[in-house]
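The structure appears below as structure tokens.
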Amino acid sequence: MTAAVEPPAMFETIVVATDGSDSVSRAVTVALDVADRFDATVHALSVIDTDTGEDTPDRRDELNAHAEDALDLVEGETDQPVVTTVREGEPAEEISAYAEEIDADLVTTGTRGRHGENRFLLGSVAERVVRICPVPVLTVRQLAAFEDDEAVDAA
């Protein structure tokens, strides 16, 4: 009798990049769903953009608090443990570097849905992550209110 061989897990480590905005909320949901399906470790990453030109102690505290709030939102969406990290720097570069450092299998990021002539644009951070990240990137478009209602009706 031959022992069954289990296939390797497709995703063991998933990074969800978050800034706490509405355009990321659906990406968080998708990332957590994928993690549940593959029993993957979730890393929530929020990057404080240091290239804003507003580097005062009060502003730094405000940005840090906002990043922590964004990570709390991810943790609040799941019962599974989430590794949370705040980094400072250029967001796309930090997301890509972090994914490489922890040997991630997937990075998820939100993107604003664009319509009309801008429909092919992902958003500056998401587009740059797709271009430079050494691991696969899943971009998840936030649904418009009417699309969200249609998705609920279809379920």
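Chain labels follow the order of the structure tokens: the first chain is A, the next B, and so on; residue numbering restarts at 1 in every chain, and ligands are counted from 1 in their shown order.
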Extract, using only C-alpha atoms, all DNA, RNA and protein residues at most 9 Å from Ser96 (chain A), discarding same-chain residues fewer than 2 positions from it, and format them as a PDB file with all heavy atoms, in the first residue's frame.
ATOM      1  N   PRO A  91       6.387  53.407  -0.509  1.00  0.00           N
ATOM      2  CA  PRO A  91       5.511  52.256  -0.299  1.00  0.00           C
ATOM      3  C   PRO A  91       5.772  51.056  -1.213  1.00  0.00           C
ATOM      4  O   PRO A  91       5.914  49.934  -0.721  1.00  0.00           O
ATOM      5  CB  PRO A  91       4.108  52.834  -0.506  1.00  0.00           C
ATOM      6  CG  PRO A  91       4.247  54.260  -0.070  1.00  0.00           C
ATOM      7  CD  PRO A  91       5.614  54.669  -0.545  1.00  0.00           C
ATOM      8  N   ALA A  92       5.851  51.251  -2.507  1.00  0.00           N
ATOM      9  CA  ALA A  92       6.025  50.104  -3.411  1.00  0.00           C
ATOM     10  C   ALA A  92       7.348  49.389  -3.155  1.00  0.00           C
ATOM     11  O   ALA A  92       7.414  48.154  -3.147  1.00  0.00           O
ATOM     12  CB  ALA A  92       5.934  50.551  -4.869  1.00  0.00           C
ATOM     13  N   GLU A  93       8.389  50.155  -2.920  1.00  0.00           N
ATOM     14  CA  GLU A  93       9.697  49.554  -2.659  1.00  0.00           C
ATOM     15  C   GLU A  93       9.697  48.786  -1.346  1.00  0.00           C
ATOM     16  O   GLU A  93      10.260  47.689  -1.249  1.00  0.00           O
ATOM     17  CB  GLU A  93      10.786  50.623  -2.659  1.00  0.00           C
ATOM     18  CG  GLU A  93      11.049  51.184  -4.040  1.00  0.00           C
ATOM     19  CD  GLU A  93      12.069  52.312  -4.037  1.00  0.00           C
ATOM     20  OE1 GLU A  93      12.752  52.513  -3.010  1.00  0.00           O
ATOM     21  OE2 GLU A  93      12.169  52.984  -5.076  1.00  0.00           O
ATOM     22  N   GLU A  94       9.058  49.346  -0.315  1.00  0.00           N
ATOM     23  CA  GLU A  94       9.000  48.678   0.988  1.00  0.00           C
ATOM     24  C   GLU A  94       8.148  47.406   0.929  1.00  0.00           C
ATOM     25  O   GLU A  94       8.493  46.393   1.537  1.00  0.00           O
ATOM     26  CB  GLU A  94       8.471  49.623   2.063  1.00  0.00           C
ATOM     27  CG  GLU A  94       9.418  50.742   2.408  1.00  0.00           C
ATOM     28  CD  GLU A  94      10.754  50.248   2.972  1.00  0.00           C
ATOM     29  OE1 GLU A  94      10.771  49.254   3.722  1.00  0.00           O
ATOM     30  OE2 GLU A  94      11.789  50.863   2.650  1.00  0.00           O
ATOM     31  N   TYR A  98       9.813  43.834   1.638  1.00  0.00           N
ATOM     32  CA  TYR A  98       9.272  43.021   2.727  1.00  0.00           C
ATOM     33  C   TYR A  98       8.861  41.640   2.219  1.00  0.00           C
ATOM     34  O   TYR A  98       9.173  40.624   2.844  1.00  0.00           O
ATOM     35  CB  TYR A  98       8.082  43.733   3.375  1.00  0.00           C
ATOM     36  CG  TYR A  98       7.517  42.992   4.558  1.00  0.00           C
ATOM     37  CD1 TYR A  98       8.150  43.040   5.799  1.00  0.00           C
ATOM     38  CD2 TYR A  98       6.345  42.243   4.452  1.00  0.00           C
ATOM     39  CE1 TYR A  98       7.626  42.363   6.891  1.00  0.00           C
ATOM     40  CE2 TYR A  98       5.822  41.565   5.530  1.00  0.00           C
ATOM     41  CZ  TYR A  98       6.467  41.629   6.755  1.00  0.00           C
ATOM     42  OH  TYR A  98       5.952  40.948   7.836  1.00  0.00           O
ATOM     43  N   ALA A  99       8.189  41.601   1.091  1.00  0.00           N
ATOM     44  CA  ALA A  99       7.767  40.321   0.510  1.00  0.00           C
ATOM     45  C   ALA A  99       8.964  39.424   0.237  1.00  0.00           C
ATOM     46  O   ALA A  99       8.932  38.213   0.499  1.00  0.00           O
ATOM     47  CB  ALA A  99       6.970  40.555  -0.771  1.00  0.00           C
ATOM     48  N   GLU A 100      10.024  40.015  -0.260  1.00  0.00           N
ATOM     49  CA  GLU A 100      11.231  39.244  -0.546  1.00  0.00           C
ATOM     50  C   GLU A 100      11.906  38.779   0.752  1.00  0.00           C
ATOM     51  O   GLU A 100      12.330  37.634   0.861  1.00  0.00           O
ATOM     52  CB  GLU A 100      12.202  40.078  -1.378  1.00  0.00           C
ATOM     53  CG  GLU A 100      13.377  39.287  -1.889  1.00  0.00           C
ATOM     54  CD  GLU A 100      14.188  40.055  -2.923  1.00  0.00           C
ATOM     55  OE1 GLU A 100      14.172  41.306  -2.916  1.00  0.00           O
ATOM     56  OE2 GLU A 100      14.832  39.385  -3.735  1.00  0.00           O
ATOM     57  N   GLU A 101      11.958  39.660   1.749  1.00  0.00           N
ATOM     58  CA  GLU A 101      12.600  39.325   3.023  1.00  0.00           C
ATOM     59  C   GLU A 101      11.943  38.148   3.726  1.00  0.00           C
ATOM     60  O   GLU A 101      12.625  37.323   4.333  1.00  0.00           O
ATOM     61  CB  GLU A 101      12.581  40.538   3.959  1.00  0.00           C
ATOM     62  CG  GLU A 101      13.528  41.636   3.559  1.00  0.00           C
ATOM     63  CD  GLU A 101      13.260  42.933   4.308  1.00  0.00           C
ATOM     64  OE1 GLU A 101      12.635  42.904   5.398  1.00  0.00           O
ATOM     65  OE2 GLU A 101      13.683  43.992   3.803  1.00  0.00           O
ATOM     66  N   VAL A 107       1.548  38.687  -2.759  1.00  0.00           N
ATOM     67  CA  VAL A 107       1.272  40.012  -2.202  1.00  0.00           C
ATOM     68  C   VAL A 107      -0.098  40.419  -2.724  1.00  0.00           C
ATOM     69  O   VAL A 107      -0.373  40.293  -3.922  1.00  0.00           O
ATOM     70  CB  VAL A 107       2.326  41.054  -2.634  1.00  0.00           C
ATOM     71  CG1 VAL A 107       1.905  42.463  -2.221  1.00  0.00           C
ATOM     72  CG2 VAL A 107       3.690  40.708  -2.072  1.00  0.00           C
ATOM     73  N   VAL A 129       4.128  48.259  -7.513  1.00  0.00           N
ATOM     74  CA  VAL A 129       4.344  46.958  -6.867  1.00  0.00           C
ATOM     75  C   VAL A 129       4.297  45.847  -7.913  1.00  0.00           C
ATOM     76  O   VAL A 129       5.154  44.967  -7.933  1.00  0.00           O
ATOM     77  CB  VAL A 129       3.321  46.693  -5.736  1.00  0.00           C
ATOM     78  CG1 VAL A 129       3.416  45.260  -5.228  1.00  0.00           C
ATOM     79  CG2 VAL A 129       3.515  47.672  -4.588  1.00  0.00           C
ATOM     80  N   ILE A 132       7.675  45.896  -9.831  1.00  0.00           N
ATOM     81  CA  ILE A 132       8.968  45.625  -9.200  1.00  0.00           C
ATOM     82  C   ILE A 132       8.988  44.456  -8.225  1.00  0.00           C
ATOM     83  O   ILE A 132      10.061  43.990  -7.857  1.00  0.00           O
ATOM     84  CB  ILE A 132       9.522  46.882  -8.487  1.00  0.00           C
ATOM     85  CG1 ILE A 132       8.697  47.232  -7.259  1.00  0.00           C
ATOM     86  CG2 ILE A 132       9.647  48.041  -9.454  1.00  0.00           C
ATOM     87  CD1 ILE A 132       9.305  48.343  -6.398  1.00  0.00           C
ATOM     88  N   CYS A 133       7.836  43.973  -7.812  1.00  0.00           N
ATOM     89  CA  CYS A 133       7.800  42.937  -6.779  1.00  0.00           C
ATOM     90  C   CYS A 133       8.323  41.604  -7.321  1.00  0.00           C
ATOM     91  O   CYS A 133       7.917  41.175  -8.403  1.00  0.00           O
ATOM     92  CB  CYS A 133       6.382  42.768  -6.252  1.00  0.00           C
ATOM     93  SG  CYS A 133       6.316  41.772  -4.757  1.00  0.00           S
ATOM     94  N   PRO A 134       9.193  40.937  -6.562  1.00  0.00           N
ATOM     95  CA  PRO A 134       9.770  39.673  -7.018  1.00  0.00           C
ATOM     96  C   PRO A 134       8.845  38.466  -6.845  1.00  0.00           C
ATOM     97  O   PRO A 134       9.198  37.370  -7.248  1.00  0.00           O
ATOM     98  CB  PRO A 134      11.016  39.527  -6.139  1.00  0.00           C
ATOM     99  CG  PRO A 134      10.661  40.232  -4.876  1.00  0.00           C
ATOM    100  CD  PRO A 134       9.782  41.390  -5.299  1.00  0.00           C
ATOM    101  N   VAL A 135       7.673  38.669  -6.241  1.00  0.00           N
ATOM    102  CA  VAL A 135       6.717  37.569  -6.071  1.00  0.00           C
ATOM    103  C   VAL A 135       5.398  37.959  -6.741  1.00  0.00           C
ATOM    104  O   VAL A 135       5.174  39.134  -7.035  1.00  0.00           O
ATOM    105  CB  VAL A 135       6.491  37.235  -4.576  1.00  0.00           C
ATOM    106  CG1 VAL A 135       7.795  36.848  -3.901  1.00  0.00           C
ATOM    107  CG2 VAL A 135       5.841  38.378  -3.834  1.00  0.00           C
TER     108      VAL A 135
END
Near Met10 (chain A), counting only C-alpha atoms, which residues have an atom at most 12 Å away, once you skip same-chain residues fewer than 4 positions from it, shown as a PyMOL selection string? chain A and resi 6+14+34-35+37-40+104-106+136
Residue selection dump (N, CA and C atoms) as a PDB file, in the first residue's frame:
ATOM      1  N   GLU A   6       0.777  14.393  -0.189  1.00  0.00           N
ATOM      2  CA  GLU A   6       0.036  15.645  -0.256  1.00  0.00           C
ATOM      3  C   GLU A   6       0.758  16.623  -1.159  1.00  0.00           C
ATOM      4  N   ILE A  14       1.350  35.029   2.864  1.00  0.00           N
ATOM      5  CA  ILE A  14       0.667  36.059   2.079  1.00  0.00           C
ATOM      6  C   ILE A  14       0.844  37.413   2.749  1.00  0.00           C
ATOM      7  N   VAL A  34      -8.020  33.729   0.767  1.00  0.00           N
ATOM      8  CA  VAL A  34      -6.975  32.883   0.184  1.00  0.00           C
ATOM      9  C   VAL A  34      -6.155  32.232   1.297  1.00  0.00           C
ATOM     10  N   ALA A  35      -5.826  32.999   2.307  1.00  0.00           N
ATOM     11  CA  ALA A  35      -5.053  32.463   3.432  1.00  0.00           C
ATOM     12  C   ALA A  35      -5.810  31.345   4.135  1.00  0.00           C
ATOM     13  N   ARG A  37      -8.096  29.364   2.828  1.00  0.00           N
ATOM     14  CA  ARG A  37      -8.167  28.199   1.927  1.00  0.00           C
ATOM     15  C   ARG A  37      -6.872  27.401   1.898  1.00  0.00           C
ATOM     16  N   PHE A  38      -5.738  28.082   2.060  1.00  0.00           N
ATOM     17  CA  PHE A  38      -4.447  27.407   1.964  1.00  0.00           C
ATOM     18  C   PHE A  38      -3.738  27.300   3.313  1.00  0.00           C
ATOM     19  N   ASP A  39      -4.432  27.682   4.390  1.00  0.00           N
ATOM     20  CA  ASP A  39      -3.844  27.651   5.725  1.00  0.00           C
ATOM     21  C   ASP A  39      -2.513  28.410   5.736  1.00  0.00           C
ATOM     22  N   ALA A  40      -2.515  29.575   5.120  1.00  0.00           N
ATOM     23  CA  ALA A  40      -1.308  30.383   4.968  1.00  0.00           C
ATOM     24  C   ALA A  40      -1.162  31.377   6.115  1.00  0.00           C
ATOM     25  N   ALA A 104       7.679  35.626   0.818  1.00  0.00           N
ATOM     26  CA  ALA A 104       6.236  35.543   0.593  1.00  0.00           C
ATOM     27  C   ALA A 104       5.926  34.827  -0.717  1.00  0.00           C
ATOM     28  N   ASP A 105       4.775  34.202  -0.756  1.00  0.00           N
ATOM     29  CA  ASP A 105       4.297  33.540  -1.967  1.00  0.00           C
ATOM     30  C   ASP A 105       3.348  34.421  -2.763  1.00  0.00           C
ATOM     31  N   LEU A 106       2.773  35.426  -2.102  1.00  0.00           N
ATOM     32  CA  LEU A 106       1.784  36.284  -2.748  1.00  0.00           C
ATOM     33  C   LEU A 106       1.704  37.607  -2.000  1.00  0.00           C
ATOM     34  N   PRO A 136       4.528  36.985  -6.992  1.00  0.00           N
ATOM     35  CA  PRO A 136       3.242  37.319  -7.623  1.00  0.00           C
ATOM     36  C   PRO A 136       2.442  38.339  -6.808  1.00  0.00           C
TER      37      PRO A 136
END
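Proximity to Ile48 (chain A) was assessed for A:Val16, A:Ala67, A:Ser21, A:Glu75 counting only C-alpha atoms; the smallest distance is recorded for A:Ala67.
From CA of Val15 (chain A) back to CA of Thr109 (chain A), the distance works out to 8.6 Å.
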Residue contacts of region 62-64 of chain A (8 Å, only C-alpha atoms) excluding same-chain residues fewer than 4 positions away, as a list of chain:residue names: A:Ile48, A:Asp58, A:Glu68, A:Val86
Resulting file, chosen residues, all heavy atoms, as a short mmCIF file (atom, residue, chain, number, x, y, z; two decimals), in the first residue's frame:
data_model
loop_
_atom_site.label_atom_id
_atom_site.label_comp_id
_atom_site.auth_asym_id
_atom_site.auth_seq_id
_atom_site.Cartn_x
_atom_site.Cartn_y
_atom_site.Cartn_z
N ILE A 48 4.53 53.76 5.92
CA ILE A 48 4.46 55.21 6.09
C ILE A 48 5.34 55.82 5.02
O ILE A 48 6.55 55.58 4.98
CB ILE A 48 4.93 55.63 7.49
CG1 ILE A 48 4.02 55.04 8.56
CG2 ILE A 48 5.00 57.15 7.60
CD1 ILE A 48 4.53 55.22 9.97
N ASP A 58 4.70 65.69 15.24
CA ASP A 58 3.26 65.49 15.34
C ASP A 58 2.73 64.73 14.12
O ASP A 58 1.91 63.82 14.25
CB ASP A 58 2.52 66.83 15.46
CG ASP A 58 2.69 67.46 16.82
OD1 ASP A 58 3.08 66.74 17.76
OD2 ASP A 58 2.42 68.67 16.94
N GLU A 68 -1.07 51.95 12.28
CA GLU A 68 -1.49 50.95 13.29
C GLU A 68 -3.00 50.68 13.18
O GLU A 68 -3.44 49.53 13.31
CB GLU A 68 -1.13 51.43 14.70
CG GLU A 68 0.35 51.45 14.98
CD GLU A 68 1.00 50.07 15.03
OE1 GLU A 68 0.30 49.06 15.23
OE2 GLU A 68 2.24 50.01 14.85
N VAL A 86 4.83 47.73 10.49
CA VAL A 86 4.82 49.09 9.95
C VAL A 86 6.24 49.38 9.50
O VAL A 86 7.20 49.13 10.22
CB VAL A 86 4.39 50.13 11.02
CG1 VAL A 86 4.52 51.54 10.46
CG2 VAL A 86 2.98 49.86 11.50
#
Please indicate the distance in Å from CA of His43 (chain A) to CA of Ala17 (chain A), rounded to one decimal place. 8.4 Å
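Nearest to Thr50 (chain A) of all the residues A:Asp79, A:Asp69, A:Glu90, A:Glu12 is A:Glu90, based on only C-alpha atoms.
The residue set within 8 Å of Thr84 (chain A), counting only C-alpha atoms and dropping same-chain residues fewer than 3 places from it, reads His43, Ala44, Leu45 and Leu71 of chain A.
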I need the residues of region 36-126 of chain A that end up classed as strand (DSSP E or B) by DSSP on the backbone, written out as a PyMOL selection string. chain A and resi 41-49+82-89+106-111
Selection near region 27-30 of chain A, 8 Å with only C-alpha atoms, sequence-local residues under 6 positions removed, as an NGL selection string: :A and (16 or 18 or 74 or 77 or 108-110 or 139-142)
Those same residues - all heavy atoms - I'd like them written as a PDB file, in the first residue's frame.
ATOM      1  N   VAL A  16      -0.502  41.221   2.847  1.00  0.00           N
ATOM      2  CA  VAL A  16      -1.554  42.137   2.434  1.00  0.00           C
ATOM      3  C   VAL A  16      -1.079  43.548   2.782  1.00  0.00           C
ATOM      4  O   VAL A  16      -0.804  43.859   3.929  1.00  0.00           O
ATOM      5  CB  VAL A  16      -2.933  41.803   3.063  1.00  0.00           C
ATOM      6  CG1 VAL A  16      -2.891  41.819   4.569  1.00  0.00           C
ATOM      7  CG2 VAL A  16      -4.012  42.744   2.550  1.00  0.00           C
ATOM      8  N   THR A  18      -1.663  47.346   3.241  1.00  0.00           N
ATOM      9  CA  THR A  18      -2.845  48.124   3.591  1.00  0.00           C
ATOM     10  C   THR A  18      -2.496  49.522   4.074  1.00  0.00           C
ATOM     11  O   THR A  18      -1.488  49.720   4.745  1.00  0.00           O
ATOM     12  CB  THR A  18      -3.689  47.402   4.666  1.00  0.00           C
ATOM     13  OG1 THR A  18      -4.862  48.169   4.926  1.00  0.00           O
ATOM     14  CG2 THR A  18      -2.913  47.181   5.950  1.00  0.00           C
ATOM     15  N   VAL A  74      -7.222  44.911   9.658  1.00  0.00           N
ATOM     16  CA  VAL A  74      -6.950  43.585   9.095  1.00  0.00           C
ATOM     17  C   VAL A  74      -7.134  42.529  10.172  1.00  0.00           C
ATOM     18  O   VAL A  74      -7.819  41.519   9.959  1.00  0.00           O
ATOM     19  CB  VAL A  74      -5.524  43.499   8.500  1.00  0.00           C
ATOM     20  CG1 VAL A  74      -5.223  42.077   8.030  1.00  0.00           C
ATOM     21  CG2 VAL A  74      -5.366  44.485   7.352  1.00  0.00           C
ATOM     22  N   GLU A  77     -10.660  41.501  10.980  1.00  0.00           N
ATOM     23  CA  GLU A  77     -11.412  40.775   9.949  1.00  0.00           C
ATOM     24  C   GLU A  77     -11.243  39.259  10.017  1.00  0.00           C
ATOM     25  O   GLU A  77     -11.867  38.546   9.241  1.00  0.00           O
ATOM     26  CB  GLU A  77     -10.979  41.253   8.561  1.00  0.00           C
ATOM     27  CG  GLU A  77     -11.403  42.665   8.231  1.00  0.00           C
ATOM     28  CD  GLU A  77     -12.912  42.797   8.084  1.00  0.00           C
ATOM     29  OE1 GLU A  77     -13.538  41.923   7.452  1.00  0.00           O
ATOM     30  OE2 GLU A  77     -13.466  43.763   8.631  1.00  0.00           O
ATOM     31  N   THR A 108      -0.952  40.890  -1.839  1.00  0.00           N
ATOM     32  CA  THR A 108      -2.243  41.420  -2.283  1.00  0.00           C
ATOM     33  C   THR A 108      -2.273  42.907  -1.975  1.00  0.00           C
ATOM     34  O   THR A 108      -1.784  43.358  -0.938  1.00  0.00           O
ATOM     35  CB  THR A 108      -3.436  40.733  -1.588  1.00  0.00           C
ATOM     36  OG1 THR A 108      -3.312  40.902  -0.181  1.00  0.00           O
ATOM     37  CG2 THR A 108      -3.497  39.268  -1.931  1.00  0.00           C
ATOM     38  N   THR A 109      -2.850  43.638  -2.890  1.00  0.00           N
ATOM     39  CA  THR A 109      -2.972  45.081  -2.711  1.00  0.00           C
ATOM     40  C   THR A 109      -4.263  45.552  -3.366  1.00  0.00           C
ATOM     41  O   THR A 109      -4.735  44.952  -4.325  1.00  0.00           O
ATOM     42  CB  THR A 109      -1.746  45.826  -3.294  1.00  0.00           C
ATOM     43  OG1 THR A 109      -1.879  47.216  -3.012  1.00  0.00           O
ATOM     44  CG2 THR A 109      -1.598  45.615  -4.774  1.00  0.00           C
ATOM     45  N   GLY A 110      -4.818  46.584  -2.816  1.00  0.00           N
ATOM     46  CA  GLY A 110      -6.021  47.155  -3.394  1.00  0.00           C
ATOM     47  C   GLY A 110      -5.675  48.141  -4.479  1.00  0.00           C
ATOM     48  O   GLY A 110      -4.545  48.615  -4.588  1.00  0.00           O
ATOM     49  N   THR A 139      -3.847  42.135  -7.458  1.00  0.00           N
ATOM     50  CA  THR A 139      -4.489  43.431  -7.239  1.00  0.00           C
ATOM     51  C   THR A 139      -5.985  43.212  -7.231  1.00  0.00           C
ATOM     52  O   THR A 139      -6.528  42.485  -8.060  1.00  0.00           O
ATOM     53  CB  THR A 139      -4.111  44.459  -8.333  1.00  0.00           C
ATOM     54  OG1 THR A 139      -4.517  43.969  -9.601  1.00  0.00           O
ATOM     55  CG2 THR A 139      -2.623  44.750  -8.321  1.00  0.00           C
ATOM     56  N   VAL A 140      -6.631  43.838  -6.267  1.00  0.00           N
ATOM     57  CA  VAL A 140      -8.070  43.667  -6.098  1.00  0.00           C
ATOM     58  C   VAL A 140      -8.714  45.032  -6.168  1.00  0.00           C
ATOM     59  O   VAL A 140      -8.421  45.916  -5.362  1.00  0.00           O
ATOM     60  CB  VAL A 140      -8.394  42.995  -4.741  1.00  0.00           C
ATOM     61  CG1 VAL A 140      -9.901  42.805  -4.584  1.00  0.00           C
ATOM     62  CG2 VAL A 140      -7.656  41.667  -4.614  1.00  0.00           C
ATOM     63  N   ARG A 141      -9.587  45.185  -7.147  1.00  0.00           N
ATOM     64  CA  ARG A 141     -10.276  46.465  -7.342  1.00  0.00           C
ATOM     65  C   ARG A 141     -11.431  46.587  -6.365  1.00  0.00           C
ATOM     66  O   ARG A 141     -12.216  45.658  -6.178  1.00  0.00           O
ATOM     67  CB  ARG A 141     -10.798  46.554  -8.773  1.00  0.00           C
ATOM     68  CG  ARG A 141     -11.453  47.880  -9.104  1.00  0.00           C
ATOM     69  CD  ARG A 141     -11.815  47.971 -10.572  1.00  0.00           C
ATOM     70  NE  ARG A 141     -12.806  47.005 -10.965  1.00  0.00           N
ATOM     71  CZ  ARG A 141     -14.119  47.232 -10.957  1.00  0.00           C
ATOM     72  NH1 ARG A 141     -14.582  48.387 -10.553  1.00  0.00           N
ATOM     73  NH2 ARG A 141     -14.953  46.297 -11.342  1.00  0.00           N
ATOM     74  N   GLN A 142     -11.527  47.728  -5.741  1.00  0.00           N
ATOM     75  CA  GLN A 142     -12.657  48.017  -4.874  1.00  0.00           C
ATOM     76  C   GLN A 142     -13.881  48.217  -5.752  1.00  0.00           C
ATOM     77  O   GLN A 142     -13.819  48.934  -6.744  1.00  0.00           O
ATOM     78  CB  GLN A 142     -12.399  49.279  -4.048  1.00  0.00           C
ATOM     79  CG  GLN A 142     -13.515  49.660  -3.114  1.00  0.00           C
ATOM     80  CD  GLN A 142     -13.727  48.653  -2.001  1.00  0.00           C
ATOM     81  OE1 GLN A 142     -12.811  47.960  -1.605  1.00  0.00           O
ATOM     82  NE2 GLN A 142     -14.930  48.569  -1.508  1.00  0.00           N
TER      83      GLN A 142
END
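Between CA of Ser46 (chain A) and CA of Gly20 (chain A) there is a distance of 8.4 Å.
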Can you list every residue in region 79-144 of chain A that DSSP puts in helix (DSSP H, G or I), as a ChimeraX atom specification? /A:91-101,116-118,124-132
